[in-house]
Amino acid sequence: PETKTFCLHLYKAKLSPDGFERVVWTVNGTYPGPTLVVTKGDRLVIHVINNLGVSTSIHFHGFFQRGTNWYDGVPGQTQCPIPNNTTFIYNFTVPDQSGTFWYHSHHLAQYVDGVLGAIIVKDPDDPYQNDYDEEVVILLSDWYHNETFTLLNYYLSPASKGLEPRPDNGLINGRNIYNCKWAPVSYKCIDNAGLSKFNFVPGKRYRLRVINTSALLSFTFSIDEHAMDVIEVEGMMTKRHTIHRLIINVAQRYSVIVTADKLVSNFWMRADLQIKCYYAIGIEHLNSYVKAIVHYEGANHLDPTTKGWAENLNRLNNCIDLNTSDLKPFFPENVPAKSDQTIYLNVSFEKDASNVDRGVVNGSTYAVDVDNPTINQILFKNQTLFQPNQNVIGHFNTSQVIDIVVYNGVTGEHPFHLHGHTFWVLGSGPVGTKPDFSKLNIFDPIKRDTATIPPEGWIVIRFEANNPGIWAFHCHIEWHVEAGLVAQFIELPHELRKLKPPADWEQLCIKSPNPYNDLI
Ligand code: C2O
């Protein structure tokens, strides 16, 4: 194991990912930010230099942070935000994880403005290491031409009627084209800004690490004429499973192996935005067929003329996720046979006193209290009671096995993410169905950290609450986070108190200004 040090310098820059120029909140001047590559067992020392003009925080999505809960990066739960013109150093190890991860701001909707990038954790014992020759990181994202403070001000007002901001475009590795006739006149915009291009050497096998960094929408990802074999779901290796299209929801990750075994030519890579999951209002100018080019070495440089896989009408008319019941763990899982506690959650949207639509979990919308994070209440105030709007949905003083049953009361889907853990997906079902607890899969379920709750459907997940800390459980649709669709678990607070936070820990909170001033 080594110590790997990285600098993430956050600052604003004018960029034109799709030809439309806007202020992008960059990491080291680029969008997406740099890919961090480490090896299982390494220590990551990450200097976050904040020159955004407002406070921030960085979350390392999918990492357990065992013993380092204060580096999980959640304002209001595990830290106070990093003030502007300040450097904060995240410092944690990855003793028992490998696979495809990402980092992103967890403060307000900053990741949607650009503060994100991939993290790859290599495993020296990767069971597939001889089955591919090269690795390619592919970040998919919906993309907005306005900065999120504008979008949020409108979304969180009665005027929006709860309609989430609609993207203007979709990007593959930060690139796409846009039709500038749709751009407001005073903005800089160039047509044909260019697509991402992936060079394939004929005969080589590629491990594509696909990450959906969207704010709202799921993607269907494919490469014309090339089937792909899924081998990884969010750090869990799976048995090879061949598919033609990979449906990937917000914050999810998969690795697939693709072989460059076709005649030397160019092929479309496609990432279709799943607009059916959120009804099609305000997207008249959205081209939901996002593309990149797979260029075989030796081919001409003309655009591909290939056709996509034959459309499946069922997919086009519904909002559905990848059928993950086809994915099987590569290494057998030891799923606990039963849970010690089952937590039932109802997720919905309701109007608050000012007529704004809020995300609610069991009747309560989450209100972030950035200057008084839960971790400080546990560490320094021995607090055991929390305000209802802190949405503490589990407080575990001993290690135990937890089942969460989530019912989705609305017609949109919700990709729920649990911090500090992976969980087994025991079952899920669409509208009109109810969980049959005798039919849950405790034999060979996949384990992941972000799973979709189908529209008006349900999911049952199981995890071991044995990691001391405050762990967020929230919908990863960033607009829903800001609307309050967030909850938290408090795990083993006695153990957490035995751990030592960084020396200047309380100083961070004293220096931090109220981030809601950031919005004005
Ligand atoms: Cu990817 Cu709570 O976040």
# chains A, B, ... in the order shown; residues from 1 in each chain; ligands from 1

call {"tool": "residues_around", "arguments": {"residues": "region 157-167 of chain A", "least_positions_apart": "4", "cutoff": "6 Å", "atoms": "only C-alpha atoms", "output": "PyMOL selection string"}}
result
chain A and resi 142-144+355-357

call {"tool": "write_last_selection", "arguments": {"atoms": "C-alpha atoms", "output": "PDB file, in the first residue's frame"}}
result
ATOM      1  CA  ASP A 142     -27.240  15.465 -18.093  1.00  0.00           C
ATOM      2  CA  TRP A 143     -26.131  19.089 -18.579  1.00  0.00           C
ATOM      3  CA  TYR A 144     -27.632  22.467 -17.778  1.00  0.00           C
ATOM      4  CA  ASN A 355     -46.514  25.941  -1.144  1.00  0.00           C
ATOM      5  CA  VAL A 356     -43.142  24.555  -2.208  1.00  0.00           C
ATOM      6  CA  ASP A 357     -42.920  20.870  -3.091  1.00  0.00           C
TER       7      ASP A 357
END

call {"tool": "select_by_dssp", "arguments": {"residues": "region 5-234 of chain A", "states": "strand (DSSP E or B)", "output": "number ranges by chain"}}
result
A: 5-15, 20, 22-27, 30, 36-39, 43-51, 56, 58-61, 75, 79, 82, 86-93, 99-105, 116-122, 134-143, 169-172, 175, 189, 197-200, 205-212, 219-223, 226, 228-233

call {"tool": "closest_atom_pairs", "arguments": {"of": "chain A", "to": "ligand 1", "cutoff": "10 Å", "atoms": "only C-alpha atoms and all ligand atoms", "output": "CSV"}}
result
residue,atom,partner,partner_atom_place_in_ligand_line,distance
A:Ile58,CA,ligand 1,3 (O),9.5
A:His59,CA,ligand 1,3 (O),6.5
A:Phe60,CA,ligand 1,1 (Cu),7.2
A:His61,CA,ligand 1,1 (Cu),4.6
A:Gly62,CA,ligand 1,1 (Cu),7.4
A:Asp72,CA,ligand 1,2 (Cu),8.8
A:Gly73,CA,ligand 1,2 (Cu),8.5
A:Val74,CA,ligand 1,2 (Cu),7.0
A:Phe101,CA,ligand 1,1 (Cu),9.3
A:Trp102,CA,ligand 1,1 (Cu),7.6
A:Tyr103,CA,ligand 1,1 (Cu),7.2
A:His104,CA,ligand 1,1 (Cu),6.6
A:Ser105,CA,ligand 1,1 (Cu),8.4
A:His106,CA,ligand 1,2 (Cu),6.4
A:His107,CA,ligand 1,2 (Cu),9.6
A:Tyr111,CA,ligand 1,1 (Cu),9.3
A:Leu116,CA,ligand 1,1 (Cu),9.7
A:Thr213,CA,ligand 1,1 (Cu),8.6
A:Val250,CA,ligand 1,1 (Cu),8.8
A:Ala251,CA,ligand 1,1 (Cu),6.0
A:Gln252,CA,ligand 1,1 (Cu),9.0
A:Phe416,CA,ligand 1,2 (Cu),9.1
A:His417,CA,ligand 1,2 (Cu),6.5
A:Leu418,CA,ligand 1,2 (Cu),7.2
A:His419,CA,ligand 1,2 (Cu),6.3
A:Gly420,CA,ligand 1,2 (Cu),9.8
A:Asp449,CA,ligand 1,1 (Cu),9.3
A:Thr450,CA,ligand 1,1 (Cu),8.6
A:Trp471,CA,ligand 1,2 (Cu),8.7
A:Ala472,CA,ligand 1,2 (Cu),6.1
A:Phe473,CA,ligand 1,2 (Cu),7.1
A:His474,CA,ligand 1,2 (Cu),6.5
A:Cys475,CA,ligand 1,2 (Cu),8.1
A:His476,CA,ligand 1,3 (O),6.3
A:Ile477,CA,ligand 1,1 (Cu),9.5
A:Glu478,CA,ligand 1,3 (O),9.0
A:Val481,CA,ligand 1,2 (Cu),8.6
A:Val486,CA,ligand 1,2 (Cu),8.7

call {"tool": "write_last_selection", "arguments": {"atoms": "N, CA and C atoms", "output": "CSV table (one decimal), in the first residue's frame"}}
result
chain,number,residue,atom,x,y,z
A,58,ILE,N,-16.4,17.9,-0.3
A,58,ILE,CA,-16.3,16.8,-1.3
A,58,ILE,C,-16.6,15.5,-0.7
A,59,HIS,N,-17.5,14.7,-1.4
A,59,HIS,CA,-17.8,13.4,-0.9
A,59,HIS,C,-17.2,12.4,-1.9
A,60,PHE,N,-16.7,11.3,-1.3
A,60,PHE,CA,-16.1,10.2,-2.1
A,60,PHE,C,-17.1,9.1,-2.2
A,61,HIS,N,-17.8,9.1,-3.3
A,61,HIS,CA,-19.1,8.3,-3.4
A,61,HIS,C,-18.7,6.8,-3.4
A,62,GLY,N,-19.3,6.0,-2.5
A,62,GLY,CA,-19.1,4.6,-2.4
A,62,GLY,C,-18.0,4.1,-1.5
A,72,ASP,N,-16.3,12.0,5.2
A,72,ASP,CA,-17.4,11.6,4.2
A,72,ASP,C,-17.9,12.7,3.4
A,73,GLY,N,-17.7,14.0,3.9
A,73,GLY,CA,-18.0,15.1,3.1
A,73,GLY,C,-19.4,15.6,3.0
A,74,VAL,N,-20.2,15.3,4.0
A,74,VAL,CA,-21.7,15.7,4.0
A,74,VAL,C,-21.9,16.9,4.9
A,101,PHE,N,-15.6,4.3,-8.8
A,101,PHE,CA,-16.2,5.3,-7.8
A,101,PHE,C,-16.2,6.7,-8.4
A,102,TRP,N,-16.7,7.6,-7.7
A,102,TRP,CA,-16.5,9.0,-8.1
A,102,TRP,C,-16.5,9.9,-6.9
A,103,TYR,N,-16.0,11.1,-7.1
A,103,TYR,CA,-16.1,12.1,-6.1
A,103,TYR,C,-16.9,13.3,-6.6
A,104,HIS,N,-17.6,14.0,-5.7
A,104,HIS,CA,-18.4,15.1,-6.1
A,104,HIS,C,-18.7,16.0,-4.9
A,105,SER,N,-18.9,17.3,-5.2
A,105,SER,CA,-19.3,18.2,-4.1
A,105,SER,C,-20.6,17.6,-3.5
A,106,HIS,N,-20.7,17.7,-2.2
A,106,HIS,CA,-22.0,17.3,-1.6
A,106,HIS,C,-22.7,18.5,-1.0
A,107,HIS,N,-22.3,19.7,-1.5
A,107,HIS,CA,-22.8,20.9,-0.9
A,107,HIS,C,-23.7,21.6,-2.0
A,111,TYR,N,-22.2,19.8,-7.6
A,111,TYR,CA,-21.7,18.9,-8.6
A,111,TYR,C,-22.3,19.0,-10.0
A,116,LEU,N,-16.9,17.4,-9.9
A,116,LEU,CA,-16.9,16.0,-9.9
A,116,LEU,C,-15.8,15.4,-10.7
A,213,THR,N,-23.2,10.6,-13.8
A,213,THR,CA,-23.0,11.7,-12.9
A,213,THR,C,-24.1,12.8,-13.0
A,250,VAL,N,-28.7,7.6,-12.0
A,250,VAL,CA,-27.9,8.6,-11.4
A,250,VAL,C,-27.0,8.0,-10.3
A,251,ALA,N,-25.7,8.3,-10.3
A,251,ALA,CA,-24.7,7.9,-9.4
A,251,ALA,C,-24.3,6.4,-9.4
A,252,GLN,N,-25.0,5.6,-10.3
A,252,GLN,CA,-24.6,4.2,-10.4
A,252,GLN,C,-23.3,4.1,-11.3
A,416,PHE,N,-31.7,5.6,-4.8
A,416,PHE,CA,-31.3,5.9,-3.4
A,416,PHE,C,-29.9,5.4,-3.2
A,417,HIS,N,-29.1,6.2,-2.5
A,417,HIS,CA,-27.7,5.9,-2.2
A,417,HIS,C,-27.5,5.9,-0.7
A,418,LEU,N,-26.8,4.9,-0.2
A,418,LEU,CA,-26.5,4.8,1.2
A,418,LEU,C,-25.0,5.0,1.4
A,419,HIS,N,-24.6,6.0,2.2
A,419,HIS,CA,-23.2,6.3,2.5
A,419,HIS,C,-22.6,5.2,3.4
A,420,GLY,N,-21.3,5.0,3.3
A,420,GLY,CA,-20.6,4.2,4.3
A,420,GLY,C,-20.8,2.7,4.2
A,449,ASP,N,-24.2,0.4,-3.9
A,449,ASP,CA,-24.4,1.5,-3.0
A,449,ASP,C,-25.5,2.5,-3.5
A,450,THR,N,-26.0,2.2,-4.7
A,450,THR,CA,-27.1,3.1,-5.2
A,450,THR,C,-28.1,2.3,-6.0
A,471,TRP,N,-24.4,8.3,8.6
A,471,TRP,CA,-24.4,7.9,7.2
A,471,TRP,C,-25.7,8.4,6.5
A,472,ALA,N,-25.5,9.1,5.4
A,472,ALA,CA,-26.7,9.7,4.7
A,472,ALA,C,-27.3,8.5,3.9
A,473,PHE,N,-28.6,8.6,3.8
A,473,PHE,CA,-29.4,7.7,2.9
A,473,PHE,C,-30.3,8.7,2.1
A,474,HIS,N,-30.1,8.8,0.8
A,474,HIS,CA,-30.9,9.8,0.1
A,474,HIS,C,-31.0,9.5,-1.4
A,475,CYS,N,-32.1,10.1,-1.9
A,475,CYS,CA,-32.3,10.1,-3.4
A,475,CYS,C,-31.1,10.8,-4.0
A,476,HIS,N,-30.5,10.3,-5.0
A,476,HIS,CA,-29.3,11.0,-5.6
A,476,HIS,C,-29.7,11.9,-6.8
A,477,ILE,N,-31.0,12.0,-7.0
A,477,ILE,CA,-31.4,13.1,-7.9
A,477,ILE,C,-31.1,14.4,-7.2
A,478,GLU,N,-30.2,15.2,-7.7
A,478,GLU,CA,-29.7,16.3,-6.9
A,478,GLU,C,-30.8,17.3,-6.6
A,481,VAL,N,-32.5,16.1,-3.5
A,481,VAL,CA,-31.7,16.3,-2.3
A,481,VAL,C,-32.0,17.7,-1.8
A,486,VAL,N,-33.9,13.3,2.0
A,486,VAL,CA,-32.6,12.9,2.6
A,486,VAL,C,-32.9,12.4,4.0

call {"tool": "select_by_dssp", "arguments": {"residues": "region 185-423 of chain A", "states": "helix (DSSP H, G or I)", "output": "PyMOL selection string"}}
result
chain A and resi 275-277+313-317+324-326+374-381+388-390

call {"tool": "write_last_selection", "arguments": {"atoms": "C-alpha atoms", "output": "JSON list (two decimals), in the first residue's frame"}}
result
[["chain", "number", "residue", "atom", "x", "y", "z"],
["A", 275, "ILE", "CA", -36.78, 11.19, -20.42],
["A", 276, "LYS", "CA", -39.71, 8.83, -19.78],
["A", 277, "CYS", "CA", -38.74, 8.70, -16.11],
["A", 313, "LEU", "CA", -40.78, -0.88, -27.33],
["A", 314, "ASN", "CA", -41.22, -1.85, -23.74],
["A", 315, "ARG", "CA", -38.14, 0.14, -22.85],
["A", 316, "LEU", "CA", -39.21, 3.19, -24.80],
["A", 317, "ASN", "CA", -42.62, 3.37, -23.21],
["A", 324, "THR", "CA", -30.05, -6.58, -12.13],
["A", 325, "SER", "CA", -31.57, -9.90, -11.08],
["A", 326, "ASP", "CA", -29.58, -11.26, -14.05],
["A", 374, "THR", "CA", -24.80, 15.56, 13.37],
["A", 375, "ILE", "CA", -21.27, 14.25, 13.90],
["A", 376, "ASN", "CA", -20.46, 17.19, 16.18],
["A", 377, "GLN", "CA", -23.65, 16.66, 18.16],
["A", 378, "ILE", "CA", -22.54, 13.06, 18.72],
["A", 379, "LEU", "CA", -18.85, 13.77, 19.35],
["A", 380, "PHE", "CA", -19.08, 16.82, 21.56],
["A", 381, "LYS", "CA", -22.63, 17.01, 22.92],
["A", 388, "PRO", "CA", -37.84, 15.53, 13.32],
["A", 389, "ASN", "CA", -36.53, 17.34, 10.23],
["A", 390, "GLN", "CA", -33.09, 15.77, 10.74]]

call {"tool": "closest_residue", "arguments": {"among": "A:Val335, A:Leu152, A:Ile343, A:Ala353", "to": "Leu440 (chain A)", "atoms": "only C-alpha atoms"}}
result
A:Val335
